[in-house]
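Taking it in order: structure first as structure tokens, then the write-up.
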Amino acid sequence: MSVWDDLVGQERVSEQLAAAARDADALVTAASGDAPPPEASKMTHAWLFTGPPGAGITQTARAFAAALQCVSPDRALGGAPGCGFCDGCHTALVGTHADVSTVAAVGAEILVKDMRDTVRKSFTSPANGRWQVILVEDAERLNEKSANAVLKAVEEPAPRTVWLLCAPSIEDVLPTIRSRCRHLNLRTPSVAAVADMLVRREGVEPDVAAAAARATQGHVDRARRLATDPAARERRAAVLKLPLRLDEIGGCLKAAQELVDAASDDAKALAEEMDAKETEELKAALGAAQGGRLPRGTAGVMKDLEEKQKRRRTRTQRDSLDLALTDLTALYRDVLALQLGSRVAIANADVEDVLERIARGSSPESTLRRIEAIAACRDALDRNVAPLLAVEAMTMSLRAG
């Protein structure tokens, strides 16, 4: 199984990256491996991966990182880098490779203090890998200061350093940064390709896989979660029934509270496990005995960790809310398709009775206004409006139509 096997429906991009990985491997193994890439080389020092949600942008970048770090002996016999089995590939894919650094937004932005150590590391030679790889998962969340730090590093990178930036679209990245990157745009995988992946890789029953792929419209991660997690299916079912509960103002407020509470519970469940592990690891690194007091002068470090964890909980809650809003948008899209007599495939065929009921009781114009209300709620959350206020405003608008 090569590192490219998990890239669902991205054959063209996989071919380009595989060719670049071969050129990168030739550069490292050559006697003059520290020389800049020749003009004809398909390898470059900075890449920008963009694409719609669920297309697998981060997975694609990580697969490329693994191919760059591949140490399979088959390479000497003409094998392509990215075997998926060697130590270089495995550690890069699971995130433990010493020369693959990953930066992700903890809160709404990637702060310059979160980038400082990574930028410094980018100017060093690989410790034991073939390349120093810096993967920025949320490049669109770089603020002005952190983006400037990245720009300086991308302008004059070390000879064996590669930057992999991930963002929803090319417009989300500063022009000065994207002009120095090779751009690859991923596409939304087909429903059939996602369903096939769920059957082959996850062992999901074909009918369940098809339903999950259709419901998520090619969003790979959401389809995997929906197909393998019964709790996720229950939450989605509750969200899809929400429009039927908005006949009265009290129902709107109650539905909004339940949506926010469910998102908070998701964030809390994730935080309890992750925060406890991070805290214990940091205490051990600072020299605290098991269950004992921290050494003097370490309170500030612990406070920084607590602030980071708080920002992550806030983002996790809003990501969970955004997932519910995505499901609602898909629901009203199906309603609009029914109202207009469109032949577009219905994503939520499992709740067709709900779709028909809403379609009969409203007009296409009101459905469009409801879709706009959901989009306005998402914008409000991006502007850090209190989640409950934003969702209450949305449910009231959905009721008004």
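In the structure tokens, chains take letters A, B, ... by order of appearance, with residues numbered from 1 within each chain and ligands from 1 in the order shown.
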Output as a ChimeraX atom specification all residues of region 175-383 of chain A that backbone DSSP marks as strand (DSSP E). /A:182-185
Within 8 Å of region 173-185 of chain A using only C-alpha atoms, minus same-chain residues under 3 positions, as a short mmCIF file (atom, residue, chain, number, x, y, z; two decimals) with N, CA, C and O atoms, in the first residue's frame:
data_model
loop_
_atom_site.label_atom_id
_atom_site.label_comp_id
_atom_site.auth_asym_id
_atom_site.auth_seq_id
_atom_site.Cartn_x
_atom_site.Cartn_y
_atom_site.Cartn_z
N VAL A 13 -3.45 14.70 -9.12
CA VAL A 13 -2.55 15.30 -8.13
C VAL A 13 -1.53 14.28 -7.64
O VAL A 13 -0.34 14.60 -7.47
N THR A 44 10.01 21.45 -5.91
CA THR A 44 10.24 22.83 -5.52
C THR A 44 10.17 22.93 -4.00
O THR A 44 9.79 21.98 -3.32
N HIS A 45 10.54 24.07 -3.46
CA HIS A 45 10.69 24.21 -2.01
C HIS A 45 9.40 24.57 -1.28
O HIS A 45 9.36 24.53 -0.06
N ALA A 46 8.34 24.97 -2.00
CA ALA A 46 7.10 25.38 -1.34
C ALA A 46 5.90 24.97 -2.19
O ALA A 46 5.89 25.18 -3.41
N TRP A 47 4.91 24.39 -1.52
CA TRP A 47 3.71 23.90 -2.20
C TRP A 47 2.48 24.46 -1.50
O TRP A 47 2.46 24.58 -0.27
N LEU A 48 1.45 24.75 -2.28
CA LEU A 48 0.17 25.21 -1.73
C LEU A 48 -0.92 24.26 -2.21
O LEU A 48 -1.16 24.13 -3.41
N PHE A 49 -1.56 23.57 -1.24
CA PHE A 49 -2.64 22.64 -1.55
C PHE A 49 -3.97 23.30 -1.21
O PHE A 49 -4.17 23.76 -0.09
N THR A 50 -4.86 23.35 -2.17
CA THR A 50 -6.19 23.92 -1.94
C THR A 50 -7.26 22.95 -2.43
O THR A 50 -6.97 22.01 -3.18
N GLY A 51 -8.48 23.19 -2.01
CA GLY A 51 -9.58 22.34 -2.44
C GLY A 51 -10.77 22.48 -1.52
O GLY A 51 -10.67 23.07 -0.43
N ALA A 139 -3.35 27.30 6.63
CA ALA A 139 -2.62 28.48 6.19
C ALA A 139 -3.52 29.70 6.08
O ALA A 139 -3.05 30.83 6.18
N GLU A 140 -4.81 29.48 5.88
CA GLU A 140 -5.74 30.61 5.80
C GLU A 140 -5.92 31.31 7.14
O GLU A 140 -6.43 32.43 7.22
N ALA A 147 2.01 35.29 9.21
CA ALA A 147 2.16 35.17 7.76
C ALA A 147 3.47 35.80 7.30
O ALA A 147 4.15 35.27 6.41
N VAL A 150 6.26 33.38 7.98
CA VAL A 150 6.28 32.31 6.98
C VAL A 150 6.86 32.83 5.66
O VAL A 150 7.65 32.15 5.00
N LEU A 151 6.46 34.05 5.30
CA LEU A 151 6.94 34.63 4.03
C LEU A 151 8.46 34.71 4.01
O LEU A 151 9.10 34.34 3.01
N VAL A 154 9.85 31.25 3.48
CA VAL A 154 9.59 30.70 2.14
C VAL A 154 10.44 31.41 1.09
O VAL A 154 10.83 30.82 0.08
N GLU A 155 10.74 32.71 1.34
CA GLU A 155 11.55 33.47 0.38
C GLU A 155 12.97 32.92 0.28
O GLU A 155 13.53 32.84 -0.82
N ALA A 167 -4.88 25.19 2.42
CA ALA A 167 -5.90 26.22 2.58
C ALA A 167 -7.10 25.88 1.71
O ALA A 167 -6.97 25.13 0.73
N SER A 169 -8.77 27.81 -0.43
CA SER A 169 -8.63 28.35 -1.78
C SER A 169 -7.35 29.18 -1.85
O SER A 169 -6.80 29.60 -0.83
N ILE A 170 -6.91 29.45 -3.05
CA ILE A 170 -5.68 30.21 -3.24
C ILE A 170 -5.84 31.64 -2.76
O ILE A 170 -4.89 32.29 -2.32
#
Could you write out, as a ChimeraX atom specification, all the residues of region 329-373 of chain A that DSSP marks as alpha helix (DSSP H)? /A:329-340,352-360,364-373
Would you put the residues from that selection into a file with N, CA and C atoms, as a short mmCIF file (atom, residue, chain, number, x, y, z; two decimals), in the first residue's frame?
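File written: part.cif
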data_model
loop_
_atom_site.label_atom_id
_atom_site.label_comp_id
_atom_site.auth_asym_id
_atom_site.auth_seq_id
_atom_site.Cartn_x
_atom_site.Cartn_y
_atom_site.Cartn_z
N THR A 329 -27.64 22.91 5.70
CA THR A 329 -27.56 23.48 4.36
C THR A 329 -27.87 22.42 3.30
N ALA A 330 -27.31 21.23 3.48
CA ALA A 330 -27.57 20.14 2.54
C ALA A 330 -29.05 19.76 2.54
N LEU A 331 -29.68 19.80 3.72
CA LEU A 331 -31.11 19.49 3.81
C LEU A 331 -31.93 20.47 2.97
N TYR A 332 -31.69 21.76 3.16
CA TYR A 332 -32.47 22.76 2.41
C TYR A 332 -32.11 22.77 0.93
N ARG A 333 -30.90 22.37 0.60
CA ARG A 333 -30.55 22.22 -0.81
C ARG A 333 -31.41 21.15 -1.45
N ASP A 334 -31.60 20.04 -0.73
CA ASP A 334 -32.47 18.97 -1.24
C ASP A 334 -33.91 19.44 -1.35
N VAL A 335 -34.35 20.22 -0.36
CA VAL A 335 -35.72 20.77 -0.41
C VAL A 335 -35.88 21.63 -1.65
N LEU A 336 -34.90 22.48 -1.92
CA LEU A 336 -34.97 23.36 -3.10
C LEU A 336 -35.00 22.54 -4.38
N ALA A 337 -34.22 21.46 -4.42
CA ALA A 337 -34.22 20.61 -5.61
C ALA A 337 -35.60 20.01 -5.85
N LEU A 338 -36.26 19.57 -4.79
CA LEU A 338 -37.61 19.02 -4.92
C LEU A 338 -38.59 20.10 -5.38
N GLN A 339 -38.47 21.30 -4.81
CA GLN A 339 -39.40 22.38 -5.17
C GLN A 339 -39.25 22.81 -6.62
N LEU A 340 -38.04 22.73 -7.15
CA LEU A 340 -37.78 23.16 -8.53
C LEU A 340 -37.87 22.02 -9.53
N GLU A 352 -36.34 11.44 3.27
CA GLU A 352 -37.11 12.02 2.17
C GLU A 352 -38.48 12.50 2.61
N ASP A 353 -39.08 11.85 3.63
CA ASP A 353 -40.38 12.30 4.12
C ASP A 353 -40.28 13.71 4.72
N VAL A 354 -39.18 13.99 5.42
CA VAL A 354 -38.97 15.33 5.98
C VAL A 354 -38.78 16.34 4.85
N LEU A 355 -38.02 15.98 3.83
CA LEU A 355 -37.78 16.88 2.70
C LEU A 355 -39.09 17.23 2.01
N GLU A 356 -39.92 16.24 1.75
CA GLU A 356 -41.18 16.48 1.05
C GLU A 356 -42.14 17.32 1.88
N ARG A 357 -42.13 17.10 3.19
CA ARG A 357 -43.00 17.88 4.07
C ARG A 357 -42.60 19.35 4.06
N ILE A 358 -41.31 19.63 4.15
CA ILE A 358 -40.85 21.02 4.13
C ILE A 358 -41.09 21.64 2.75
N ALA A 359 -40.84 20.85 1.70
CA ALA A 359 -41.01 21.36 0.34
C ALA A 359 -42.46 21.75 0.07
N ARG A 360 -43.41 20.94 0.55
CA ARG A 360 -44.82 21.25 0.33
C ARG A 360 -45.27 22.48 1.12
N PRO A 364 -39.80 28.08 -3.00
CA PRO A 364 -38.36 28.11 -3.28
C PRO A 364 -37.69 29.38 -2.74
N GLU A 365 -38.41 30.50 -2.78
CA GLU A 365 -37.85 31.75 -2.28
C GLU A 365 -37.55 31.66 -0.78
N SER A 366 -38.48 31.08 -0.02
CA SER A 366 -38.24 30.96 1.42
C SER A 366 -37.11 29.97 1.71
N THR A 367 -37.00 28.95 0.89
CA THR A 367 -35.89 27.99 1.08
C THR A 367 -34.55 28.68 0.85
N LEU A 368 -34.47 29.53 -0.16
CA LEU A 368 -33.24 30.27 -0.40
C LEU A 368 -32.91 31.20 0.77
N ARG A 369 -33.95 31.84 1.31
CA ARG A 369 -33.71 32.71 2.47
C ARG A 369 -33.21 31.91 3.67
N ARG A 370 -33.70 30.71 3.82
CA ARG A 370 -33.24 29.86 4.92
C ARG A 370 -31.78 29.44 4.72
N ILE A 371 -31.42 29.13 3.50
CA ILE A 371 -30.01 28.81 3.23
C ILE A 371 -29.13 30.01 3.52
N GLU A 372 -29.60 31.21 3.17
CA GLU A 372 -28.84 32.43 3.47
C GLU A 372 -28.73 32.65 4.98
N ALA A 373 -29.78 32.30 5.73
CA ALA A 373 -29.73 32.45 7.19
C ALA A 373 -28.67 31.54 7.80
#
If you count only C-alpha atoms, which residues fall within 7 Å of Ser146 (chain A), apart from same-chain ones fewer than 5 positions away, as a PDB file with C-alpha atoms, in the first residue's frame?
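The result, written out as out14.pdb:
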ATOM      1  CA  ILE A 110      -2.221  30.831  13.962  1.00  0.00           C
ATOM      2  CA  LEU A 111      -0.293  33.209  16.193  1.00  0.00           C
ATOM      3  CA  VAL A 112       3.280  34.239  15.538  1.00  0.00           C
ATOM      4  CA  MET A 115       5.108  29.681  14.381  1.00  0.00           C
TER       5      MET A 115
END
Exercise: Ala61 (chain A) partners within 10 Å, only C-alpha atoms, chain neighbours under 2 positions left out, as an mmCIF file with all heavy atoms, in the first residue's frame:
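Result went into result_18.cif, see below:
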data_model
loop_
_atom_site.group_PDB
_atom_site.id
_atom_site.type_symbol
_atom_site.label_atom_id
_atom_site.label_comp_id
_atom_site.auth_asym_id
_atom_site.auth_seq_id
_atom_site.Cartn_x
_atom_site.Cartn_y
_atom_site.Cartn_z
ATOM 1 N N LEU A 17 2.593 14.686 -7.671
ATOM 2 C CA LEU A 17 3.394 14.611 -6.454
ATOM 3 C C LEU A 17 4.362 13.437 -6.496
ATOM 4 O O LEU A 17 5.490 13.536 -5.993
ATOM 5 C CB LEU A 17 2.473 14.506 -5.234
ATOM 6 C CG LEU A 17 1.638 15.749 -4.933
ATOM 7 C CD1 LEU A 17 0.710 15.488 -3.757
ATOM 8 C CD2 LEU A 17 2.535 16.952 -4.651
ATOM 9 N N TRP A 47 4.909 24.391 -1.520
ATOM 10 C CA TRP A 47 3.708 23.904 -2.203
ATOM 11 C C TRP A 47 2.476 24.456 -1.496
ATOM 12 O O TRP A 47 2.457 24.583 -0.270
ATOM 13 C CB TRP A 47 3.654 22.376 -2.176
ATOM 14 C CG TRP A 47 4.797 21.708 -2.877
ATOM 15 C CD1 TRP A 47 6.073 21.571 -2.416
ATOM 16 C CD2 TRP A 47 4.767 21.078 -4.167
ATOM 17 N NE1 TRP A 47 6.853 20.897 -3.335
ATOM 18 C CE2 TRP A 47 6.073 20.585 -4.421
ATOM 19 C CE3 TRP A 47 3.780 20.878 -5.120
ATOM 20 C CZ2 TRP A 47 6.396 19.909 -5.582
ATOM 21 C CZ3 TRP A 47 4.096 20.201 -6.286
ATOM 22 C CH2 TRP A 47 5.394 19.724 -6.514
ATOM 23 N N LEU A 48 1.451 24.750 -2.279
ATOM 24 C CA LEU A 48 0.173 25.207 -1.731
ATOM 25 C C LEU A 48 -0.919 24.260 -2.209
ATOM 26 O O LEU A 48 -1.163 24.133 -3.412
ATOM 27 C CB LEU A 48 -0.130 26.638 -2.185
ATOM 28 C CG LEU A 48 -1.510 27.199 -1.802
ATOM 29 C CD1 LEU A 48 -1.706 27.182 -0.288
ATOM 30 C CD2 LEU A 48 -1.695 28.605 -2.364
ATOM 31 N N PHE A 49 -1.560 23.573 -1.243
ATOM 32 C CA PHE A 49 -2.636 22.635 -1.549
ATOM 33 C C PHE A 49 -3.970 23.303 -1.212
ATOM 34 O O PHE A 49 -4.170 23.762 -0.085
ATOM 35 C CB PHE A 49 -2.486 21.349 -0.729
ATOM 36 C CG PHE A 49 -1.205 20.606 -0.978
ATOM 37 C CD1 PHE A 49 -0.054 20.910 -0.262
ATOM 38 C CD2 PHE A 49 -1.145 19.603 -1.929
ATOM 39 C CE1 PHE A 49 1.133 20.238 -0.485
ATOM 40 C CE2 PHE A 49 0.036 18.920 -2.171
ATOM 41 C CZ PHE A 49 1.185 19.235 -1.455
ATOM 42 N N GLY A 56 -9.499 16.153 1.201
ATOM 43 C CA GLY A 56 -8.290 15.497 1.688
ATOM 44 C C GLY A 56 -7.040 16.315 1.482
ATOM 45 O O GLY A 56 -5.975 15.777 1.163
ATOM 46 N N ILE A 57 -7.131 17.630 1.702
ATOM 47 C CA ILE A 57 -5.990 18.517 1.471
ATOM 48 C C ILE A 57 -4.825 18.149 2.393
ATOM 49 O O ILE A 57 -3.691 17.951 1.948
ATOM 50 C CB ILE A 57 -6.401 19.988 1.686
ATOM 51 C CG1 ILE A 57 -7.542 20.375 0.744
ATOM 52 C CG2 ILE A 57 -5.213 20.910 1.469
ATOM 53 C CD1 ILE A 57 -8.150 21.718 1.054
ATOM 54 N N THR A 58 -5.111 18.056 3.703
ATOM 55 C CA THR A 58 -4.047 17.755 4.655
ATOM 56 C C THR A 58 -3.496 16.351 4.434
ATOM 57 O O THR A 58 -2.285 16.123 4.513
ATOM 58 C CB THR A 58 -4.563 17.892 6.099
ATOM 59 O OG1 THR A 58 -5.041 19.230 6.302
ATOM 60 C CG2 THR A 58 -3.476 17.593 7.103
ATOM 61 N N GLN A 59 -4.381 15.384 4.137
ATOM 62 C CA GLN A 59 -3.923 14.017 3.885
ATOM 63 C C GLN A 59 -2.994 13.968 2.676
ATOM 64 O O GLN A 59 -2.009 13.218 2.662
ATOM 65 C CB GLN A 59 -5.130 13.092 3.660
ATOM 66 C CG GLN A 59 -5.970 12.853 4.898
ATOM 67 C CD GLN A 59 -7.052 13.902 5.072
ATOM 68 O OE1 GLN A 59 -6.946 15.023 4.558
ATOM 69 N NE2 GLN A 59 -8.104 13.547 5.801
ATOM 70 N N ALA A 63 0.831 12.804 2.784
ATOM 71 C CA ALA A 63 1.306 11.715 1.926
ATOM 72 C C ALA A 63 2.559 12.144 1.163
ATOM 73 O O ALA A 63 3.509 11.365 1.009
ATOM 74 C CB ALA A 63 0.203 11.298 0.960
ATOM 75 N N PHE A 64 2.564 13.388 0.689
ATOM 76 C CA PHE A 64 3.747 13.906 -0.016
ATOM 77 C C PHE A 64 4.933 13.983 0.939
ATOM 78 O O PHE A 64 6.071 13.633 0.575
ATOM 79 C CB PHE A 64 3.427 15.276 -0.601
ATOM 80 C CG PHE A 64 4.520 15.861 -1.456
ATOM 81 C CD1 PHE A 64 5.247 15.075 -2.336
ATOM 82 C CD2 PHE A 64 4.821 17.217 -1.382
ATOM 83 C CE1 PHE A 64 6.250 15.605 -3.129
ATOM 84 C CE2 PHE A 64 5.819 17.765 -2.167
ATOM 85 C CZ PHE A 64 6.534 16.963 -3.042
ATOM 86 N N ALA A 65 4.686 14.437 2.185
ATOM 87 C CA ALA A 65 5.753 14.483 3.188
ATOM 88 C C ALA A 65 6.343 13.094 3.416
ATOM 89 O O ALA A 65 7.560 12.926 3.526
ATOM 90 C CB ALA A 65 5.221 15.058 4.497
ATOM 91 N N ALA A 66 5.462 12.085 3.473
ATOM 92 C CA ALA A 66 5.934 10.711 3.671
ATOM 93 C C ALA A 66 6.777 10.248 2.485
ATOM 94 O O ALA A 66 7.819 9.594 2.660
ATOM 95 C CB ALA A 66 4.736 9.788 3.870
ATOM 96 N N ALA A 67 6.350 10.576 1.274
ATOM 97 C CA ALA A 67 7.116 10.177 0.090
ATOM 98 C C ALA A 67 8.494 10.840 0.087
ATOM 99 O O ALA A 67 9.490 10.222 -0.324
ATOM 100 C CB ALA A 67 6.348 10.543 -1.176
ATOM 101 N N LEU A 93 3.484 9.668 8.248
ATOM 102 C CA LEU A 93 2.024 9.564 8.150
ATOM 103 C C LEU A 93 1.340 9.686 9.504
ATOM 104 O O LEU A 93 0.260 10.267 9.610
ATOM 105 C CB LEU A 93 1.641 8.234 7.483
ATOM 106 C CG LEU A 93 1.966 8.110 5.995
ATOM 107 C CD1 LEU A 93 1.668 6.694 5.498
ATOM 108 C CD2 LEU A 93 1.164 9.127 5.172
ATOM 109 N N LEU A 135 4.664 21.423 7.540
ATOM 110 C CA LEU A 135 3.286 21.293 7.048
ATOM 111 C C LEU A 135 2.391 22.241 7.853
ATOM 112 O O LEU A 135 2.238 22.078 9.065
ATOM 113 C CB LEU A 135 2.816 19.838 7.200
ATOM 114 C CG LEU A 135 1.593 19.381 6.412
ATOM 115 C CD1 LEU A 135 1.496 17.856 6.436
ATOM 116 C CD2 LEU A 135 0.291 19.954 6.952
ATOM 117 N N VAL A 136 1.806 23.219 7.180
ATOM 118 C CA VAL A 136 0.893 24.176 7.820
ATOM 119 C C VAL A 136 -0.529 23.808 7.403
ATOM 120 O O VAL A 136 -0.920 24.010 6.250
ATOM 121 C CB VAL A 136 1.219 25.631 7.415
ATOM 122 C CG1 VAL A 136 0.303 26.608 8.155
ATOM 123 C CG2 VAL A 136 2.679 25.943 7.718
ATOM 124 N N GLU A 137 -1.293 23.244 8.345
ATOM 125 C CA GLU A 137 -2.606 22.706 8.009
ATOM 126 C C GLU A 137 -3.642 23.792 7.719
ATOM 127 O O GLU A 137 -4.553 23.585 6.934
ATOM 128 C CB GLU A 137 -3.121 21.818 9.150
ATOM 129 C CG GLU A 137 -2.345 20.527 9.317
ATOM 130 C CD GLU A 137 -2.980 19.603 10.328
ATOM 131 O OE1 GLU A 137 -4.002 20.012 10.936
ATOM 132 O OE2 GLU A 137 -2.476 18.494 10.525
ATOM 133 N N TRP A 163 8.199 23.514 2.318
ATOM 134 C CA TRP A 163 6.997 24.026 2.984
ATOM 135 C C TRP A 163 5.764 23.486 2.255
ATOM 136 O O TRP A 163 5.664 23.573 1.039
ATOM 137 C CB TRP A 163 6.972 25.553 2.949
ATOM 138 C CG TRP A 163 7.886 26.190 3.951
ATOM 139 C CD1 TRP A 163 9.222 26.420 3.821
ATOM 140 C CD2 TRP A 163 7.522 26.668 5.239
ATOM 141 N NE1 TRP A 163 9.720 27.008 4.951
ATOM 142 C CE2 TRP A 163 8.707 27.188 5.843
ATOM 143 C CE3 TRP A 163 6.332 26.733 5.958
ATOM 144 C CZ2 TRP A 163 8.708 27.747 7.119
ATOM 145 C CZ3 TRP A 163 6.332 27.294 7.228
ATOM 146 C CH2 TRP A 163 7.508 27.793 7.801
ATOM 147 N N LEU A 164 4.814 22.941 3.040
ATOM 148 C CA LEU A 164 3.552 22.428 2.499
ATOM 149 C C LEU A 164 2.422 23.198 3.182
ATOM 150 O O LEU A 164 2.149 23.001 4.369
ATOM 151 C CB LEU A 164 3.407 20.930 2.758
ATOM 152 C CG LEU A 164 4.601 20.040 2.354
ATOM 153 C CD1 LEU A 164 4.316 18.588 2.715
ATOM 154 C CD2 LEU A 164 4.915 20.183 0.879
ATOM 155 N N LEU A 165 1.767 24.081 2.443
ATOM 156 C CA LEU A 165 0.698 24.914 2.994
ATOM 157 C C LEU A 165 -0.650 24.402 2.510
ATOM 158 O O LEU A 165 -0.815 24.078 1.327
ATOM 159 C CB LEU A 165 0.870 26.372 2.564
ATOM 160 C CG LEU A 165 2.248 27.009 2.805
ATOM 161 C CD1 LEU A 165 2.245 28.460 2.328
ATOM 162 C CD2 LEU A 165 2.629 26.940 4.268
ATOM 163 N N CYS A 166 -1.618 24.342 3.423
ATOM 164 C CA CYS A 166 -2.962 23.851 3.096
ATOM 165 C C CYS A 166 -3.978 24.950 3.368
ATOM 166 O O CYS A 166 -3.959 25.567 4.437
ATOM 167 C CB CYS A 166 -3.310 22.620 3.931
ATOM 168 S SG CYS A 166 -2.146 21.250 3.761
#
Which residues are near Arg245 (chain A)? Cut-off 9 Å, only C-alpha atoms, ignore same chain within fewer than 6 positions. Put them as a count of residues only. 3
So which residues touch Pro189 (chain A) within 7 Å, counting only C-alpha atoms, skipping near sequence neighbours fewer than 5 positions away, as an mmCIF file with N, CA and C atoms, in the first residue's frame?
data_model
loop_
_atom_site.group_PDB
_atom_site.id
_atom_site.type_symbol
_atom_site.label_atom_id
_atom_site.label_comp_id
_atom_site.auth_asym_id
_atom_site.auth_seq_id
_atom_site.Cartn_x
_atom_site.Cartn_y
_atom_site.Cartn_z
ATOM 1 N N VAL A 8 -8.410 9.810 -2.108
ATOM 2 C CA VAL A 8 -9.601 9.367 -2.846
ATOM 3 C C VAL A 8 -9.922 10.346 -3.972
ATOM 4 N N GLY A 9 -9.956 9.822 -5.198
ATOM 5 C CA GLY A 9 -10.351 10.635 -6.343
ATOM 6 C C GLY A 9 -9.371 11.725 -6.734
ATOM 7 N N ALA A 55 -11.942 17.187 0.675
ATOM 8 C CA ALA A 55 -11.207 16.644 -0.467
ATOM 9 C C ALA A 55 -9.925 15.937 -0.041
ATOM 10 N N VAL A 194 -15.829 7.589 -2.846
ATOM 11 C CA VAL A 194 -15.815 7.596 -1.381
ATOM 12 C C VAL A 194 -16.437 6.315 -0.837
ATOM 13 N N GLY A 218 -19.306 13.474 -0.875
ATOM 14 C CA GLY A 218 -17.900 13.351 -1.223
ATOM 15 C C GLY A 218 -16.928 13.889 -0.195
#
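For the pair CA of Ala386 (chain A) and CA of Asn143 (chain A), the interatomic distance is 21.5 Å.
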Point-to-point distance from CA of Gly250 (chain A) to CA of Ala231 (chain A), Å rounded to tenths: 26.5 Å
Between A:Ala211, A:Leu77, A:Leu321, A:Cys83, which one has atoms that come closest to Arg235 (chain A), using only C-alpha atoms?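 Once distances to Arg235 (chain A) are computed over only C-alpha atoms, the minimum belongs to A:Leu321.
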Just the residues within 7 Å of Ala105 (chain A), please, counting only C-alpha atoms, with nothing from its chain fewer than 3 positions along; format it as a list in words.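 My reading of the contact set: Ala108, Glu109, Ile110, Asp138 and Arg141 of chain A.
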With only C-alpha atoms as the basis for distance, which of A:Arg120, A:His219, A:Lys145, A:Arg201 is at the shortest distance from Pro52 (chain A)?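 The closest residue to Pro52 (chain A) is A:His219.
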Please determine, counting only C-alpha atoms, which residue among A:Ala26, A:Ala400, A:Ala158, A:Val3 has the shortest atom-to-atom distance to Ile249 (chain A). A:Ala400
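Residue nearest Glu248 (chain A) within the list A:Ala19, A:Ser320, A:Pro159, A:Ser397: A:Ser397 [criterion: smallest interatomic distance, only C-alpha atoms].
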